[in-house]
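> The file below is coords.txt, compact mmCIF, C-alpha atoms and all ligand atoms:
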# COMPACT_ATOMS: atom_id res chain seq x y z
CA MET A 1 81.33 -77.83 112.94
CA LEU A 2 80.87 -77.75 116.65
CA ASN A 3 80.11 -81.10 118.22
CA THR A 4 77.00 -80.18 120.15
CA LYS A 5 76.35 -83.41 122.00
CA PRO A 6 78.69 -82.69 124.94
CA TYR A 7 76.99 -79.29 125.31
CA LEU A 8 73.57 -80.85 125.33
CA ASP A 9 74.70 -83.45 127.86
CA MET A 10 76.08 -80.75 130.15
CA ALA A 11 72.95 -78.60 129.85
CA LYS A 12 70.72 -81.59 130.46
CA VAL A 13 72.42 -82.38 133.78
CA HIS A 14 71.66 -78.85 134.94
CA PHE A 15 68.09 -78.75 133.64
CA ASP A 16 67.28 -82.22 134.98
CA THR A 17 68.85 -81.89 138.43
CA GLY A 18 69.30 -78.19 139.14
CA ARG A 19 73.00 -78.67 139.72
CA LEU A 20 74.79 -75.30 139.61
CA ASP A 21 78.43 -76.25 140.06
CA HIS A 22 80.89 -78.95 139.07
CA LEU A 23 79.29 -79.77 135.73
CA VAL A 24 81.53 -81.47 133.18
CA CYS A 25 83.03 -79.10 130.62
CA PRO A 26 82.19 -80.07 127.01
CA GLU A 27 85.56 -78.75 125.84
CA CYS A 28 88.13 -79.89 128.41
CA ASN A 29 86.15 -82.47 130.42
CA ALA A 30 87.07 -80.87 133.73
CA GLN A 31 84.29 -80.94 136.30
CA MET A 32 84.67 -77.17 136.67
CA VAL A 33 81.60 -75.64 135.03
CA SER A 34 79.41 -73.31 137.08
CA VAL A 35 75.99 -71.95 136.16
CA SER A 36 74.99 -68.29 136.25
CA PHE A 37 72.10 -66.32 134.79
CA THR A 38 71.07 -63.14 133.03
CA ARG A 39 67.68 -61.47 132.83
CA SER A 40 66.79 -58.93 130.16
CA GLY A 41 63.34 -57.43 130.45
CA ASN A 42 60.59 -59.87 131.38
CA ASP A 43 60.93 -62.33 128.56
CA ARG A 44 64.56 -63.08 127.91
CA TYR A 45 66.63 -65.13 130.29
CA CYS A 46 69.92 -66.88 129.72
CA THR A 47 71.56 -69.70 131.58
CA TYR A 48 75.34 -69.47 131.29
CA PHE A 49 77.83 -72.30 131.68
CA ASP A 50 81.35 -71.14 132.53
CA CYS A 51 84.34 -73.45 132.79
CA SER A 52 86.93 -72.15 135.23
CA ALA A 53 89.52 -74.60 133.93
CA CYS A 54 89.63 -73.67 130.21
CA GLY A 55 87.44 -70.54 130.07
CA ASN A 56 84.86 -72.01 127.73
CA VAL A 57 81.49 -70.26 127.84
CA ALA A 58 78.16 -71.57 126.57
CA CYS A 59 74.63 -70.46 127.22
CA THR A 60 71.00 -71.23 126.61
CA SER A 61 68.28 -68.62 126.23
CA HIS A 62 64.76 -68.88 127.50
CA ALA A 63 61.56 -67.01 126.82
CA GLU A 64 60.47 -67.44 130.41
CA GLU A 65 62.20 -67.73 133.74
CA PRO A 66 64.22 -70.95 133.81
CA GLU A 67 63.31 -73.40 136.55
CA TYR A 68 66.51 -72.93 138.55
CA PHE A 69 66.87 -69.19 137.99
CA ASP A 70 68.42 -67.48 140.99
CA SER A 71 68.84 -63.70 140.92
CA SER A 72 71.77 -63.96 143.34
CA ARG A 73 73.58 -65.84 140.58
CA ILE A 74 73.24 -63.14 137.93
CA ASP A 75 76.73 -62.65 136.55
CA PRO A 76 77.32 -58.92 135.92
CA ARG A 77 79.76 -59.58 133.07
CA HIS A 78 77.31 -61.79 131.20
CA GLN A 79 74.43 -59.45 132.01
CA GLU A 80 76.29 -56.54 130.47
CA PHE A 81 77.11 -58.68 127.43
CA GLU A 82 73.47 -59.73 126.99
CA ASP A 83 72.30 -56.15 127.30
CA ARG A 84 74.67 -55.11 124.54
CA ALA A 85 74.32 -58.20 122.33
CA SER A 86 70.59 -58.83 122.47
CA ARG A 87 69.98 -57.29 119.06
CA PHE A 88 72.44 -59.73 117.47
CA VAL A 89 71.23 -62.86 119.13
CA ASP A 90 69.13 -64.15 116.26
CA SER A 91 72.21 -64.50 114.11
CA ALA A 92 74.10 -66.56 116.65
CA THR A 93 74.60 -70.26 116.41
CA GLU A 94 71.58 -71.85 117.90
CA ILE A 95 70.21 -75.28 118.39
CA VAL A 96 66.76 -76.10 119.52
CA LEU A 97 66.92 -78.20 122.61
CA THR A 98 63.72 -79.96 123.39
CA GLU A 99 63.21 -81.30 126.80
CA SER A 100 60.21 -83.16 128.01
CA ARG A 101 59.84 -83.09 131.73
CA LYS A 102 56.89 -83.31 134.06
CA GLY A 103 54.63 -83.70 131.05
CA LYS A 104 55.53 -80.29 129.75
CA ASN A 105 57.69 -79.55 126.76
CA GLN A 106 60.30 -77.01 127.48
CA PHE A 107 62.13 -75.39 124.63
CA SER A 108 65.44 -73.80 125.14
CA ARG A 109 67.82 -72.43 122.61
CA LEU A 110 71.38 -73.43 123.12
CA PHE A 111 73.86 -70.83 122.09
CA ALA A 112 77.06 -72.80 122.12
CA SER A 113 79.95 -70.47 122.66
CA LEU A 114 77.71 -67.49 122.00
CA ARG A 115 80.44 -65.06 122.72
CA ALA A 116 82.70 -66.67 120.11
CA ALA A 117 79.93 -66.71 117.50
CA LEU A 118 79.13 -63.06 118.02
CA THR A 119 82.69 -61.88 117.92
CA GLY A 120 83.69 -64.17 115.07
CA ARG A 121 86.64 -65.47 117.05
ZN ZN B 1 86.76 -76.49 130.26
So, in terms of structure tokens, how does the structure I just supplied come out?


Amino acid sequence: MLNTKPYLDMAKVHFDTGRLDHLVCPECNAQMVSVSFTRSGNDRYCTYFDCSACGNVACTSHAEEPEYFDSSRIDPRHQEFEDRASRFVDSATEIVLTESRKGKNQFSRLFASLRAALTGR
């Protein structure tokens, strides 16, 4: 069973502060995680967390544009993956992450190691 707390902690730093680089990796603890995005249609966005030290990948999906979305940070590899995988997403490991900020509840779905879950690695 995946220990999700380090993933939630990492995601929370991004969602609370908007930090895009040098997040702490939940797998190897290196401060080497960078954020990128994907956008599929008008209602499915993902925020990706890539560790350049160990290669771990995690992502959250959103039903609306995430607060720190930046189209210049769309990662073409992840975008291609999302475009191909979108029909499988409901079967992926997911955790409901509830954040309360600025009086508004924001729900995100955390797909920890989505790529691994989808490929059964
Ligand atoms: Zn790592």

> Can I get the residues close to ligand ZN 1 (chain B) as a list in words, where close means within 7 Å and we count all atoms listed in the file?

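Based on all atoms listed in the file, ligand ZN 1 (chain B) is surrounded within 7 Å by Cys25, Pro26, Glu27, Cys28, Asn29, Ala30, Met32, Cys51, Ser52, Ala53, Cys54, Gly55 and Asn56 of chain A.
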
> Which residue is closest to Tyr48 (chain A)? Choose from A:Ile74, A:Leu8, A:Val13, A:Val24 and count only C-alpha atoms.

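Smallest separation from Tyr48 (chain A) among the options: A:Ile74.
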
> How far is it from CA of Arg44 (chain A) to CA of Glu65 (chain A), in Å with one decimal?

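That distance, rounded to one decimal, is 7.8 Å.
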
> With distances taken over all atoms listed in the file, which of A:Gln79, A:Ser61, A:Thr47, A:Ser72 is nearest to His14 (chain A)?

A:Thr47

> In Å, with one decimal, what is the gap from CA of Pro66 (chain A) to CA of Val33 (chain A)?

18.0 Å

> Just how far from CA of Tyr68 (chain A) is CA of Pro6 (chain A), in Å to one decimal?

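So the two atoms, CA of Pro6 (chain A) and CA of Tyr68 (chain A), lie 20.7 Å apart.
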
> Rank nothing, just name the residue among A:Asp50, A:Asp43, A:Asp70, A:Glu82 nearest to His22 (chain A), using all atoms listed in the file.

A:Asp50

> Counting all atoms listed in the file, which residue out of A:Arg73, A:Arg19, A:His62, A:Lys5 sits closest to Ser36 (chain A)?

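Ranking A:Arg73, A:Arg19, A:His62, A:Lys5 by distance to Ser36 (chain A), first place goes to A:Arg73.
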
> Once 8 Å is added on each side, what centre and edge lengths in Å to one decimal does the axis-aligned box around all listed atoms of region 48-60 of chain A have, as AutoDock Vina command-line options?


--center_x 80.3 --center_y -72.0 --center_z 130.9 --size_x 34.6 --size_y 21.1 --size_z 24.7

> So that I can see what lies close to Tyr7 (chain A), please list as a PDB file with C-alpha atoms, in the frame of the given file the residues with an atom at most 8 Å from it, counting only C-alpha atoms and leaving out residues fewer than 4 positions away in the same chain.


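Dumped to selection-v7.pdb:
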ATOM      1  CA  ASN A   3      80.110 -81.100 118.220  1.00  0.00           C
ATOM      2  CA  ALA A  11      72.950 -78.600 129.850  1.00  0.00           C
ATOM      3  CA  PRO A  26      82.190 -80.070 127.010  1.00  0.00           C
ATOM      4  CA  ALA A  58      78.160 -71.570 126.570  1.00  0.00           C
ATOM      5  CA  ALA A 112      77.060 -72.800 122.120  1.00  0.00           C
TER       6      ALA A 112
END

> Kindly complete region 9-39 of chain A to N, CA and C atoms; the output should be written as a PDB file, in the coordinates of the input.


ATOM      1  N   ASP A   9      74.593 -82.606 126.663  1.00  0.00           N
ATOM      2  CA  ASP A   9      74.700 -83.450 127.860  1.00  0.00           C
ATOM      3  C   ASP A   9      74.919 -82.601 129.106  1.00  0.00           C
ATOM      4  N   MET A  10      75.799 -81.616 128.999  1.00  0.00           N
ATOM      5  CA  MET A  10      76.080 -80.750 130.150  1.00  0.00           C
ATOM      6  C   MET A  10      74.818 -79.981 130.549  1.00  0.00           C
ATOM      7  N   ALA A  11      74.149 -79.391 129.547  1.00  0.00           N
ATOM      8  CA  ALA A  11      72.950 -78.600 129.850  1.00  0.00           C
ATOM      9  C   ALA A  11      71.868 -79.471 130.463  1.00  0.00           C
ATOM     10  N   LYS A  12      71.762 -80.695 129.974  1.00  0.00           N
ATOM     11  CA  LYS A  12      70.720 -81.590 130.460  1.00  0.00           C
ATOM     12  C   LYS A  12      70.913 -81.919 131.942  1.00  0.00           C
ATOM     13  N   VAL A  13      72.175 -82.093 132.352  1.00  0.00           N
ATOM     14  CA  VAL A  13      72.420 -82.380 133.780  1.00  0.00           C
ATOM     15  C   VAL A  13      71.890 -81.224 134.624  1.00  0.00           C
ATOM     16  N   HIS A  14      72.170 -80.006 134.184  1.00  0.00           N
ATOM     17  CA  HIS A  14      71.660 -78.850 134.940  1.00  0.00           C
ATOM     18  C   HIS A  14      70.134 -78.811 134.928  1.00  0.00           C
ATOM     19  N   PHE A  15      69.546 -78.923 133.731  1.00  0.00           N
ATOM     20  CA  PHE A  15      68.090 -78.750 133.640  1.00  0.00           C
ATOM     21  C   PHE A  15      67.336 -79.907 134.300  1.00  0.00           C
ATOM     22  N   ASP A  16      67.957 -81.081 134.347  1.00  0.00           N
ATOM     23  CA  ASP A  16      67.280 -82.220 134.980  1.00  0.00           C
ATOM     24  C   ASP A  16      67.428 -82.215 136.499  1.00  0.00           C
ATOM     25  N   THR A  17      68.571 -81.735 136.994  1.00  0.00           N
ATOM     26  CA  THR A  17      68.850 -81.890 138.430  1.00  0.00           C
ATOM     27  C   THR A  17      68.951 -80.577 139.182  1.00  0.00           C
ATOM     28  N   GLY A  18      69.112 -79.464 138.471  1.00  0.00           N
ATOM     29  CA  GLY A  18      69.300 -78.190 139.140  1.00  0.00           C
ATOM     30  C   GLY A  18      70.718 -77.962 139.632  1.00  0.00           C
ATOM     31  N   ARG A  19      71.623 -78.844 139.269  1.00  0.00           N
ATOM     32  CA  ARG A  19      73.000 -78.670 139.720  1.00  0.00           C
ATOM     33  C   ARG A  19      73.584 -77.371 139.156  1.00  0.00           C
ATOM     34  N   LEU A  20      74.276 -76.615 140.005  1.00  0.00           N
ATOM     35  CA  LEU A  20      74.790 -75.300 139.610  1.00  0.00           C
ATOM     36  C   LEU A  20      76.307 -75.254 139.513  1.00  0.00           C
ATOM     37  N   ASP A  21      76.973 -76.244 140.055  1.00  0.00           N
ATOM     38  CA  ASP A  21      78.430 -76.250 140.060  1.00  0.00           C
ATOM     39  C   ASP A  21      78.936 -77.645 139.722  1.00  0.00           C
ATOM     40  N   HIS A  22      80.213 -77.673 139.307  1.00  0.00           N
ATOM     41  CA  HIS A  22      80.890 -78.950 139.070  1.00  0.00           C
ATOM     42  C   HIS A  22      80.246 -79.767 137.953  1.00  0.00           C
ATOM     43  N   LEU A  23      79.717 -79.071 136.941  1.00  0.00           N
ATOM     44  CA  LEU A  23      79.290 -79.770 135.730  1.00  0.00           C
ATOM     45  C   LEU A  23      80.518 -80.064 134.875  1.00  0.00           C
ATOM     46  N   VAL A  24      80.392 -81.067 134.010  1.00  0.00           N
ATOM     47  CA  VAL A  24      81.530 -81.470 133.180  1.00  0.00           C
ATOM     48  C   VAL A  24      81.632 -80.575 131.949  1.00  0.00           C
ATOM     49  N   CYS A  25      82.809 -80.018 131.749  1.00  0.00           N
ATOM     50  CA  CYS A  25      83.030 -79.100 130.620  1.00  0.00           C
ATOM     51  C   CYS A  25      83.017 -79.870 129.300  1.00  0.00           C
ATOM     52  N   PRO A  26      82.233 -79.390 128.311  1.00  0.00           N
ATOM     53  CA  PRO A  26      82.190 -80.070 127.010  1.00  0.00           C
ATOM     54  C   PRO A  26      83.474 -79.893 126.203  1.00  0.00           C
ATOM     55  N   GLU A  27      84.318 -78.972 126.580  1.00  0.00           N
ATOM     56  CA  GLU A  27      85.560 -78.750 125.840  1.00  0.00           C
ATOM     57  C   GLU A  27      86.752 -79.458 126.465  1.00  0.00           C
ATOM     58  N   CYS A  28      86.921 -79.350 127.787  1.00  0.00           N
ATOM     59  CA  CYS A  28      88.130 -79.890 128.410  1.00  0.00           C
ATOM     60  C   CYS A  28      87.841 -81.039 129.372  1.00  0.00           C
ATOM     61  N   ASN A  29      86.571 -81.345 129.571  1.00  0.00           N
ATOM     62  CA  ASN A  29      86.150 -82.470 130.420  1.00  0.00           C
ATOM     63  C   ASN A  29      86.417 -82.275 131.900  1.00  0.00           C
ATOM     64  N   ALA A  30      86.913 -81.118 132.300  1.00  0.00           N
ATOM     65  CA  ALA A  30      87.070 -80.870 133.730  1.00  0.00           C
ATOM     66  C   ALA A  30      85.694 -80.677 134.358  1.00  0.00           C
ATOM     67  N   GLN A  31      85.577 -81.080 135.602  1.00  0.00           N
ATOM     68  CA  GLN A  31      84.290 -80.940 136.300  1.00  0.00           C
ATOM     69  C   GLN A  31      84.286 -79.578 136.990  1.00  0.00           C
ATOM     70  N   MET A  32      84.396 -78.517 136.157  1.00  0.00           N
ATOM     71  CA  MET A  32      84.670 -77.170 136.670  1.00  0.00           C
ATOM     72  C   MET A  32      83.687 -76.142 136.124  1.00  0.00           C
ATOM     73  N   VAL A  33      82.546 -76.587 135.613  1.00  0.00           N
ATOM     74  CA  VAL A  33      81.600 -75.640 135.030  1.00  0.00           C
ATOM     75  C   VAL A  33      80.588 -75.199 136.086  1.00  0.00           C
ATOM     76  N   SER A  34      80.414 -73.881 136.190  1.00  0.00           N
ATOM     77  CA  SER A  34      79.410 -73.310 137.080  1.00  0.00           C
ATOM     78  C   SER A  34      78.348 -72.586 136.269  1.00  0.00           C
ATOM     79  N   VAL A  35      77.144 -72.554 136.835  1.00  0.00           N
ATOM     80  CA  VAL A  35      75.990 -71.950 136.160  1.00  0.00           C
ATOM     81  C   VAL A  35      75.743 -70.551 136.733  1.00  0.00           C
ATOM     82  N   SER A  36      75.479 -69.602 135.825  1.00  0.00           N
ATOM     83  CA  SER A  36      74.990 -68.290 136.250  1.00  0.00           C
ATOM     84  C   SER A  36      73.885 -67.876 135.288  1.00  0.00           C
ATOM     85  N   PHE A  37      73.281 -66.709 135.551  1.00  0.00           N
ATOM     86  CA  PHE A  37      72.100 -66.320 134.790  1.00  0.00           C
ATOM     87  C   PHE A  37      72.169 -64.861 134.361  1.00  0.00           C
ATOM     88  N   THR A  38      71.337 -64.539 133.359  1.00  0.00           N
ATOM     89  CA  THR A  38      71.070 -63.140 133.030  1.00  0.00           C
ATOM     90  C   THR A  38      69.564 -62.996 132.858  1.00  0.00           C
ATOM     91  N   ARG A  39      69.097 -61.759 133.035  1.00  0.00           N
ATOM     92  CA  ARG A  39      67.680 -61.470 132.830  1.00  0.00           C
ATOM     93  C   ARG A  39      67.577 -60.133 132.122  1.00  0.00           C
TER      94      ARG A  39
END
